[in-house]
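*Asks:* Please read through the structure below; I'll follow up with questions.
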Amino acid sequence: MKFLLTAINAKFIHSNPAIYSLRACVGEKLEPHVELAEFTINESLESILEGIWKCQPEVIGFSCYIWNWKLIREILTELPKILPDTEIWLGGPEVTYDGPRLLKEFPQVTGIMVGEGEVTFREVLKQYLREAETAGQSEQQPESDSTEQQVADRRGTVAGKSVVERFGQIPGLCLASGYTAPRDLTDLTTLPFLYENMEPFTNRIIYYETSRGCPYRCSYCLSSIDKKVRLRDISVVKRELQFFLDQNVKQVKFIDRTFNCDHKHAMEIWQYIYEHDNGVTNFHFEISADILREEEIALLNRFRPGLAQLEIGVQSTNPETIRAIHRVMDVDKLEKIVAAIHRGQNIHQHLDLIAGLPYEDYESFGRSFDRVYGMQPEQLQLGFLKVLKGSDMHVHAQEYGIRYLELPPYEVLYTNWISYGEIRRLKRIEEMVELYYNSGQFTHTLPVLEKAFPGPFAMYEALADYYQEQGYFTNSPARAYRYQILLDFAEMKDPANREIYRELLTYDMYLRENLKSRPAFAAEITEKEKQDIRRFYQTEEHERHYLSAYDQYDWKQLSRMTHLELFRYPEPHYVLFDYQERNPLNYEARVQVIGYPIL
C-alpha cells in the first residue's frame with residue numbers, strides 16, 4: 001500500500017516541510033508505505049498529473065496552501081480519470097477552515113486532515129494498512145463503469161465499511177458526515193528532525209520550526225487562531241542547529257510566527273549561533289521588533305555580517321488601523337529599535353507594510369510608507385491584504401467594505417477607505433520599490449533623487465506614473481537598462497543635477513558589477529585618464545598599495561578583475577572597485593578612494 005504525499009511549491013528553491021514532517025512521524029516501520037512528490041506551480045497540469053500517475057499510489061494527499069490551491073482544484077477534477085481507484089485526502093491551511101463545503105464541491109475527496117497533521121496522518125495511514133492486510137495486498141477491485149460509480153466506490157464502502165466507519169474514530173478529520181473529534185495540539189519536542197538526509201534539499205531553502213502558535217491576535221493572520229505558544233526543547237534545537245552548521249547550510253529560515261515572543265528561547269538560540277558561527281550559514285527570523293530587549297540588541301550587534309536577517313512586520317503606522325487589526329505595537333519604540341540594529345551594520349532588516357487594511361486610505365498608506373522607508377531597511381515589502389478563510393478579517397470583511405478576489409490569493413480589490421484604482425496604483429508603486437529599492441542597485445542615486453520630491457512615496461509614485469506613460473510595465477526593460485530609465489526620469493524631474501545623477505548611476509552600477517563594457521551614460525574616458533589608469537595598475541603590480549590580496553596576478557589581470565573609475569563630483573578623484581572583497585549584506589564591492597591625479 002502506497003500513500004503519496006504531494007506538495008506543489010511556489011518555486012523550486014522552496015520545499016514543503018509539512019510532507020516531510022508527516023512522513024517522519026509515521027516511524028521507521030511505516031515509512032516505506034509513504035512516498036513524497038514535489039512539483040511547482042510553474043509546471044503544467046499535464047506534467048503534474050503524469051508525475052502522480054507514474055507513482056501509482058493507492059492513496060494521495062495534497063498539501064494545500066494559498067499559492068497552489070487553484071492548481072490543486074484542477075488536479076482534483078482530472079486525477080480520478082487517470083487513477084480512478086486512488087483515494088484522495090487534503091490538508092493544510094487552505095482547506096482547514098472550510099471543510100464541509102469543499103467536500104460537497106469535490107465529492108471525489110475522501111476527507112480532510114484538519115490543523116496539525118502529524119499524528120492524524122499516522123492514524124489514517126495505519127487504518128489503510130489494516131484494510132490492506134485484511135483484504136490482501138494482491139486483491140484488486142474491478143474498474144468502475146462510470147464517474148458516478150467511481151465516486152460511490154471512493155466515498156462508499158471498503159470491506160463493507162463506509163468512510164465514517166473506517167475513519168470516524170480518528171480525531172482531527174473532516175469527512176462528508178462532518179468533523180470528527182478535535183485533535184490535541186502536538187508536543188513539538190516529540191517531532192522527528194526532518195533533515196537527517198540533506199540530499200532532497202540541495203540548493204533549496206531549509207525551513208526550520210522551533211515553536212508553534214502566536215501570542216498576538218492580528219486579524220489578518222491565521223497564526224492568531226492558535227494562541228498557545230509551544231516551544232521545541234532547547235537542547236534538541238541546539239543539536240539540530242549544530243547539524244545545519246556542520247553541513248554548511250547556506251540559509252536556515254525559521255518559520256516560527258513570532259520568533260522572539262519568548263525572550264529566553266530567542267536568546268539561547270541567538271547566543272548559540274553566535275558562539276558556533278561557521279562563517280557561512282545565514283539564519284532568517286520573523287520577529288516583533290518593539291519587544292526586543294537591550295541585551296538582545298547588544299547580542300545581535302555582535303553578529304558576523306550576514307549571520308542573521310530579521311523580518312519585521314510593521315503593516316501600518318496608522319494608530320486607528322493598528323487598533324482595528326488587533327496589533328500590539330509601539331511604532332515609536334519599533335523605530336528606535338530598528339535604528340539600534342541598523343547601527344551595527346551587520347544585519348539585513350526586512351520590513352513589511354500591508355495595503356488595504358481598515359482605516360488606511362491612500363494618503364495614510366503613503367505616510368506609513370514614508371515613515372517605514374525612513375527606517376532604512378535593507379528591504380521594504382509592500383504587501384496587499386489577503387482575506388484568509390478562518391481569519392478574523394474574513395469575519396469582518398463585510399463590515400469594513402472589503403471586497404477581494406474570490407479565488408486565491410483572496411487579495412483586496414477595494415475597501416471603505418481605498419478605491420480599486422488606488423490599489424492598482426499601489427501595485428505599480430510596489431513594482432518600482434522592488435526594482436529600484438529592494439534590488440539594492442541604486443543605493444547612492446535614490447537618496448539624492450528623493451530630495452527632488454516631497455517624500456519617498458511621492459518619488460516612487462511619480463516613477464510608477466513615468467513607467468506607465470512610457471509603456472515599461474508592458475514591455476519590461478532589461479535590468480541594465482533600468483539605470484538609463486532612472487537617469488531619464490531624474491533628468492526630467494531634476495534637470496539641474498543632471499551630471500550628478502550620471503555619476504551616481506555610474507558609481508552604483510560599478511559598485512555591483514564588474515562591467516565588460518561601459519554604460520552609455522557614463523562619462524567618456526580621456527586618453528590621459530587611460531594612461532593614468534594603466535600606470536596605476538602597473539605600479540600596483542610591483543608595490544601592492546591597494547590590492548595586496550592579488551599578489552599572484554600581473555597588472556593586466558588586475559585591471560580586468562577590479563575597476564578604477566574617475567569621478568568629478570564633488571571634486572576629481574578615482575575610486576577603485578574590488579569585486580573579491582564584497583559586503584556580505586548587500587554584495588557591494590569594496591571601494592577605495594584614490595587621489596587625483598594619480599602620482
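Letters A, B, ... mark the chains of the C-alpha cells in the order given; residue numbers begin at 1 per chain; ligand numbers begin at 1, in order shown.
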Show me, as CSV, the residues of range 140-259 of chain A having an atom within 9 Å of range 383-398 of chain A, each with the closest atom pair and its distance in Å, using only C-alpha atoms.
*Replies:*
```
residue,atom,partner,partner_atom,distance
A:Arg217,CA,A:Asp392,CA,8.8
A:Cys218,CA,A:Asp392,CA,8.1
A:Ser219,CA,A:Asp392,CA,4.7
A:Tyr220,CA,A:Met393,CA,5.2
A:Cys221,CA,A:Ser391,CA,6.0
A:Leu222,CA,A:Ser391,CA,5.4
A:Ser223,CA,A:Ser391,CA,8.7
A:Ser224,CA,A:Ser391,CA,7.9
A:Ile225,CA,A:Ser391,CA,7.5
```
*Asks:* Counting only C-alpha atoms, what is within 8 Å of range 276-281 of chain A, bar same-chain residues fewer than 2 positions away, as a PyMOL selection string?
*Replies:* chain A and resi 242+244-246+248-252+272-274+283+304+307
*Asks:* Can I get the selection written as a PDB file, in the first residue's frame, with N, CA, C and O atoms?
*Replies:*
```
ATOM      1  N   GLN A 242      23.317  22.693  15.286  1.00  0.00           N
ATOM      2  CA  GLN A 242      24.693  22.279  15.043  1.00  0.00           C
ATOM      3  C   GLN A 242      24.796  21.426  13.785  1.00  0.00           C
ATOM      4  O   GLN A 242      25.789  21.504  13.043  1.00  0.00           O
ATOM      5  N   PHE A 244      22.960  21.808  11.075  1.00  0.00           N
ATOM      6  CA  PHE A 244      22.965  22.751   9.953  1.00  0.00           C
ATOM      7  C   PHE A 244      24.328  23.413   9.806  1.00  0.00           C
ATOM      8  O   PHE A 244      24.838  23.586   8.693  1.00  0.00           O
ATOM      9  N   LEU A 245      24.921  23.795  10.937  1.00  0.00           N
ATOM     10  CA  LEU A 245      26.228  24.454  10.909  1.00  0.00           C
ATOM     11  C   LEU A 245      27.302  23.505  10.389  1.00  0.00           C
ATOM     12  O   LEU A 245      28.152  23.896   9.578  1.00  0.00           O
ATOM     13  N   ASP A 246      27.261  22.257  10.832  1.00  0.00           N
ATOM     14  CA  ASP A 246      28.243  21.271  10.373  1.00  0.00           C
ATOM     15  C   ASP A 246      28.103  20.998   8.879  1.00  0.00           C
ATOM     16  O   ASP A 246      29.097  20.688   8.196  1.00  0.00           O
ATOM     17  N   ASN A 248      27.242  23.201   6.730  1.00  0.00           N
ATOM     18  CA  ASN A 248      27.459  24.466   5.999  1.00  0.00           C
ATOM     19  C   ASN A 248      26.257  24.849   5.140  1.00  0.00           C
ATOM     20  O   ASN A 248      26.403  25.294   3.990  1.00  0.00           O
ATOM     21  N   VAL A 249      25.069  24.652   5.700  1.00  0.00           N
ATOM     22  CA  VAL A 249      23.838  25.038   5.006  1.00  0.00           C
ATOM     23  C   VAL A 249      23.869  26.536   4.731  1.00  0.00           C
ATOM     24  O   VAL A 249      24.260  27.331   5.588  1.00  0.00           O
ATOM     25  N   LYS A 250      23.486  26.935   3.529  1.00  0.00           N
ATOM     26  CA  LYS A 250      23.575  28.347   3.146  1.00  0.00           C
ATOM     27  C   LYS A 250      22.594  29.206   3.932  1.00  0.00           C
ATOM     28  O   LYS A 250      22.957  30.269   4.446  1.00  0.00           O
ATOM     29  N   GLN A 251      21.337  28.771   4.024  1.00  0.00           N
ATOM     30  CA  GLN A 251      20.347  29.553   4.778  1.00  0.00           C
ATOM     31  C   GLN A 251      19.365  28.634   5.485  1.00  0.00           C
ATOM     32  O   GLN A 251      18.903  27.645   4.913  1.00  0.00           O
ATOM     33  N   VAL A 252      19.066  28.977   6.736  1.00  0.00           N
ATOM     34  CA  VAL A 252      18.021  28.315   7.516  1.00  0.00           C
ATOM     35  C   VAL A 252      16.962  29.359   7.818  1.00  0.00           C
ATOM     36  O   VAL A 252      17.246  30.377   8.459  1.00  0.00           O
ATOM     37  N   TYR A 272      23.641  30.756  20.762  1.00  0.00           N
ATOM     38  CA  TYR A 272      24.249  29.540  20.220  1.00  0.00           C
ATOM     39  C   TYR A 272      24.803  29.774  18.824  1.00  0.00           C
ATOM     40  O   TYR A 272      25.948  29.378  18.529  1.00  0.00           O
ATOM     41  N   ILE A 273      24.013  30.402  17.942  1.00  0.00           N
ATOM     42  CA  ILE A 273      24.512  30.586  16.573  1.00  0.00           C
ATOM     43  C   ILE A 273      25.651  31.608  16.542  1.00  0.00           C
ATOM     44  O   ILE A 273      26.523  31.546  15.667  1.00  0.00           O
ATOM     45  N   TYR A 274      25.667  32.531  17.513  1.00  0.00           N
ATOM     46  CA  TYR A 274      26.781  33.479  17.617  1.00  0.00           C
ATOM     47  C   TYR A 274      28.065  32.760  18.024  1.00  0.00           C
ATOM     48  O   TYR A 274      29.127  32.962  17.417  1.00  0.00           O
ATOM     49  N   PHE A 283      20.838  32.787   9.072  1.00  0.00           N
ATOM     50  CA  PHE A 283      19.582  32.412   9.739  1.00  0.00           C
ATOM     51  C   PHE A 283      18.578  33.558   9.597  1.00  0.00           C
ATOM     52  O   PHE A 283      18.897  34.712   9.874  1.00  0.00           O
ATOM     53  N   ARG A 304      28.333  38.294  13.199  1.00  0.00           N
ATOM     54  CA  ARG A 304      29.032  38.452  11.923  1.00  0.00           C
ATOM     55  C   ARG A 304      28.077  39.040  10.888  1.00  0.00           C
ATOM     56  O   ARG A 304      26.922  38.615  10.802  1.00  0.00           O
ATOM     57  N   LEU A 307      25.229  36.809   9.274  1.00  0.00           N
ATOM     58  CA  LEU A 307      24.839  35.654  10.089  1.00  0.00           C
ATOM     59  C   LEU A 307      23.324  35.577  10.235  1.00  0.00           C
ATOM     60  O   LEU A 307      22.754  34.483  10.244  1.00  0.00           O
TER      61      LEU A 307
END
```
*Asks:* Find the residues near Trp417 in chain A: any atom within 7 Å, counting only C-alpha atoms, skip ones fewer than 4 places away on the same chain, and give them as a list of chain:residue names.
*Replies:*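 After dropping sequence-adjacent residues, the list is A:Tyr359, A:Glu360, A:Asp361.
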*Asks:* Could you pull out the residues in range 18-118 of chain A that DSSP calls strand (DSSP E or B) from the backbone, as a short mmCIF file (atom, residue, chain, number, x, y, z; two decimals) with all heavy atoms, in the first residue's frame?
*Replies:*
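Result file result.cif:
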```cif
data_model
loop_
_atom_site.label_atom_id
_atom_site.label_comp_id
_atom_site.auth_asym_id
_atom_site.auth_seq_id
_atom_site.Cartn_x
_atom_site.Cartn_y
_atom_site.Cartn_z
N VAL A 34 5.08 5.33 2.63
CA VAL A 34 4.85 6.74 2.33
C VAL A 34 5.87 7.23 1.32
O VAL A 34 7.08 7.10 1.53
CB VAL A 34 4.93 7.60 3.61
CG1 VAL A 34 4.63 9.06 3.28
CG2 VAL A 34 3.98 7.08 4.67
N GLU A 35 5.39 7.77 0.23
CA GLU A 35 6.28 8.40 -0.76
C GLU A 35 5.95 9.89 -0.84
O GLU A 35 4.83 10.32 -0.55
CB GLU A 35 6.12 7.75 -2.13
CG GLU A 35 6.72 6.36 -2.20
CD GLU A 35 6.78 5.83 -3.62
OE1 GLU A 35 6.57 6.63 -4.57
OE2 GLU A 35 7.04 4.62 -3.78
N LEU A 36 6.94 10.68 -1.26
CA LEU A 36 6.78 12.12 -1.40
C LEU A 36 6.94 12.51 -2.86
O LEU A 36 7.76 11.94 -3.58
CB LEU A 36 7.82 12.87 -0.56
CG LEU A 36 7.91 12.54 0.93
CD1 LEU A 36 8.93 13.46 1.60
CD2 LEU A 36 6.55 12.67 1.61
N ALA A 37 6.17 13.49 -3.27
CA ALA A 37 6.31 14.05 -4.62
C ALA A 37 6.19 15.57 -4.50
O ALA A 37 5.23 16.06 -3.90
CB ALA A 37 5.24 13.50 -5.55
N GLU A 38 7.16 16.27 -5.05
CA GLU A 38 7.13 17.73 -5.02
C GLU A 38 7.17 18.27 -6.45
O GLU A 38 7.98 17.85 -7.27
CB GLU A 38 8.31 18.30 -4.23
CG GLU A 38 8.18 18.07 -2.73
CD GLU A 38 9.23 18.82 -1.93
OE1 GLU A 38 8.97 19.98 -1.55
OE2 GLU A 38 10.29 18.24 -1.69
N PHE A 39 6.27 19.21 -6.71
CA PHE A 39 6.19 19.89 -8.00
C PHE A 39 6.22 21.39 -7.72
O PHE A 39 6.34 21.82 -6.57
CB PHE A 39 4.90 19.51 -8.73
CG PHE A 39 4.70 18.03 -8.91
CD1 PHE A 39 3.96 17.30 -7.98
CD2 PHE A 39 5.26 17.36 -9.97
CE1 PHE A 39 3.77 15.93 -8.12
CE2 PHE A 39 5.08 15.99 -10.13
CZ PHE A 39 4.33 15.27 -9.21
N THR A 40 6.11 22.20 -8.77
CA THR A 40 5.98 23.65 -8.58
C THR A 40 4.76 24.14 -9.37
O THR A 40 4.31 23.48 -10.33
CB THR A 40 7.22 24.43 -9.05
OG1 THR A 40 7.24 24.52 -10.48
CG2 THR A 40 8.50 23.78 -8.55
N VAL A 59 -3.37 5.76 -2.31
CA VAL A 59 -3.94 6.94 -1.65
C VAL A 59 -3.00 8.11 -1.91
O VAL A 59 -1.77 7.95 -1.95
CB VAL A 59 -4.07 6.74 -0.12
CG1 VAL A 59 -4.93 7.85 0.49
CG2 VAL A 59 -4.62 5.37 0.21
N ILE A 60 -3.58 9.30 -2.08
CA ILE A 60 -2.77 10.50 -2.29
C ILE A 60 -3.27 11.61 -1.37
O ILE A 60 -4.47 11.74 -1.11
CB ILE A 60 -2.82 10.96 -3.77
CG1 ILE A 60 -1.85 12.12 -4.01
CG2 ILE A 60 -4.23 11.35 -4.19
CD1 ILE A 60 -1.64 12.44 -5.47
N GLY A 61 -2.33 12.38 -0.85
CA GLY A 61 -2.68 13.52 -0.01
C GLY A 61 -2.03 14.78 -0.57
O GLY A 61 -0.86 14.77 -0.96
N PHE A 62 -2.78 15.87 -0.64
CA PHE A 62 -2.28 17.14 -1.15
C PHE A 62 -2.13 18.14 -0.01
O PHE A 62 -3.04 18.30 0.81
CB PHE A 62 -3.22 17.72 -2.20
CG PHE A 62 -3.23 16.95 -3.49
CD1 PHE A 62 -4.20 16.00 -3.75
CD2 PHE A 62 -2.25 17.19 -4.45
CE1 PHE A 62 -4.21 15.29 -4.94
CE2 PHE A 62 -2.25 16.48 -5.65
CZ PHE A 62 -3.23 15.53 -5.90
N SER A 63 -0.99 18.82 0.02
CA SER A 63 -0.72 19.88 0.99
C SER A 63 -1.17 21.19 0.36
O SER A 63 -0.57 21.66 -0.61
CB SER A 63 0.78 19.91 1.31
OG SER A 63 1.07 20.87 2.28
N GLU A 87 -7.73 6.91 -3.57
CA GLU A 87 -8.45 7.78 -2.64
C GLU A 87 -7.65 9.06 -2.41
O GLU A 87 -6.41 9.04 -2.41
CB GLU A 87 -8.72 7.06 -1.33
CG GLU A 87 -9.67 5.90 -1.49
CD GLU A 87 -10.33 5.47 -0.18
OE1 GLU A 87 -9.79 5.79 0.90
OE2 GLU A 87 -11.38 4.83 -0.26
N ILE A 88 -8.36 10.15 -2.22
CA ILE A 88 -7.75 11.48 -2.17
C ILE A 88 -8.01 12.12 -0.81
O ILE A 88 -9.16 12.16 -0.34
CB ILE A 88 -8.30 12.39 -3.28
CG1 ILE A 88 -8.04 11.77 -4.66
CG2 ILE A 88 -7.68 13.78 -3.20
CD1 ILE A 88 -8.73 12.50 -5.80
N TRP A 89 -6.95 12.66 -0.21
CA TRP A 89 -7.06 13.42 1.04
C TRP A 89 -6.44 14.80 0.85
O TRP A 89 -5.52 14.98 0.04
CB TRP A 89 -6.32 12.70 2.18
CG TRP A 89 -7.03 11.48 2.68
CD1 TRP A 89 -6.97 10.23 2.15
CD2 TRP A 89 -7.90 11.40 3.80
NE1 TRP A 89 -7.76 9.36 2.86
CE2 TRP A 89 -8.34 10.06 3.89
CE3 TRP A 89 -8.35 12.33 4.74
CZ2 TRP A 89 -9.20 9.62 4.88
CZ3 TRP A 89 -9.21 11.89 5.74
CH2 TRP A 89 -9.64 10.56 5.80
N LEU A 90 -6.96 15.75 1.60
CA LEU A 90 -6.42 17.12 1.58
C LEU A 90 -5.99 17.52 2.98
O LEU A 90 -6.49 17.00 3.98
CB LEU A 90 -7.48 18.11 1.08
CG LEU A 90 -8.14 17.83 -0.27
CD1 LEU A 90 -9.20 18.90 -0.57
CD2 LEU A 90 -7.11 17.77 -1.38
N GLY A 91 -5.06 18.45 3.06
CA GLY A 91 -4.64 19.03 4.33
C GLY A 91 -4.00 20.37 4.08
O GLY A 91 -3.71 20.75 2.95
N VAL A 109 -13.14 13.61 -3.08
CA VAL A 109 -12.18 13.66 -1.97
C VAL A 109 -12.72 12.84 -0.80
O VAL A 109 -13.86 13.02 -0.37
CB VAL A 109 -11.92 15.11 -1.54
CG1 VAL A 109 -11.05 15.16 -0.28
CG2 VAL A 109 -11.25 15.88 -2.68
N THR A 110 -11.90 11.95 -0.26
CA THR A 110 -12.32 11.09 0.85
C THR A 110 -12.46 11.88 2.14
O THR A 110 -13.41 11.70 2.90
CB THR A 110 -11.30 9.96 1.05
OG1 THR A 110 -11.20 9.23 -0.17
CG2 THR A 110 -11.72 9.03 2.18
N GLY A 111 -11.51 12.77 2.41
CA GLY A 111 -11.58 13.54 3.65
C GLY A 111 -10.48 14.58 3.72
O GLY A 111 -9.59 14.66 2.86
N ILE A 112 -10.54 15.39 4.78
CA ILE A 112 -9.58 16.48 5.01
C ILE A 112 -8.96 16.30 6.39
O ILE A 112 -9.68 16.06 7.37
CB ILE A 112 -10.28 17.86 4.91
CG1 ILE A 112 -10.83 18.07 3.49
CG2 ILE A 112 -9.32 18.98 5.30
CD1 ILE A 112 -11.70 19.31 3.35
N MET A 113 -7.64 16.40 6.44
CA MET A 113 -6.95 16.39 7.73
C MET A 113 -6.86 17.83 8.21
O MET A 113 -6.26 18.68 7.55
CB MET A 113 -5.56 15.75 7.59
CG MET A 113 -5.63 14.33 7.07
SD MET A 113 -4.03 13.50 7.00
CE MET A 113 -4.41 12.17 5.86
#
```
*Asks:* Got a sec: who's within 10 Å of Tyr501 in chain A, counting only C-alpha atoms, leaving out chain neighbours fewer than 2 positions off, as a list in words?
*Replies:* His444, Thr445, Leu446, Val448, Leu449, Leu486, Leu487, Asp488, Ala490, Glu491, Asp494, Pro495, Ala496, Asn497, Arg498, Glu499, Glu503, Leu504, Leu505, Thr506, Tyr507 and Phe521 of chain A
*Asks:* Go through A:Tyr579, A:Asp532, A:Ala549, A:Met432 and flag the residue nearest Ile485 in chain A, using only C-alpha atoms for the distances.
*Replies:*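 Among the listed residues, the smallest separation from Ile485 in chain A belongs to A:Met432.
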*Asks:* As an MDAnalysis selection string, list the residues of range 231-418 of chain A assigned to alpha helix (DSSP H) by DSSP on the backbone atoms of this structure.
*Replies:* chainID A and resid 234:246 263:275 294:300 319:324 331:343 362:373 392:396
*Asks:* Just the residues within 12 Å of Glu450 in chain A, please, counting only C-alpha atoms, with nothing from its chain fewer than 5 positions along; format it as an MDAnalysis selection string.
*Replies:* chainID A and resid 370 373:374 437 442:445 455:463 490 493:494 501
*Asks:* What does the distance from CA of Arg502 in chain A to CA of Leu547 in chain A come to in Å, to one decimal?
*Replies:* 27.4 Å
*Asks:* CA of Lys253 in chain A and CA of Tyr20 in chain A, how far apart in Å?
*Replies:*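 Separation between CA of Tyr20 in chain A and CA of Lys253 in chain A: 15.8 Å.
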*Asks:* Give me the residues within 8 Å of Leu76 in chain A as JSON, numbers by chain, counting only C-alpha atoms and dropping any in the same chain fewer than 3 places off.
*Replies:* {"A": [72, 73, 79, 80, 106, 108, 109]}
*Asks:* Please report the interatomic distance between CA of Ala480 in chain A and CA of Asn282 in chain A in Å with one decimal.
*Replies:*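 These two atoms are separated by 28.5 Å.
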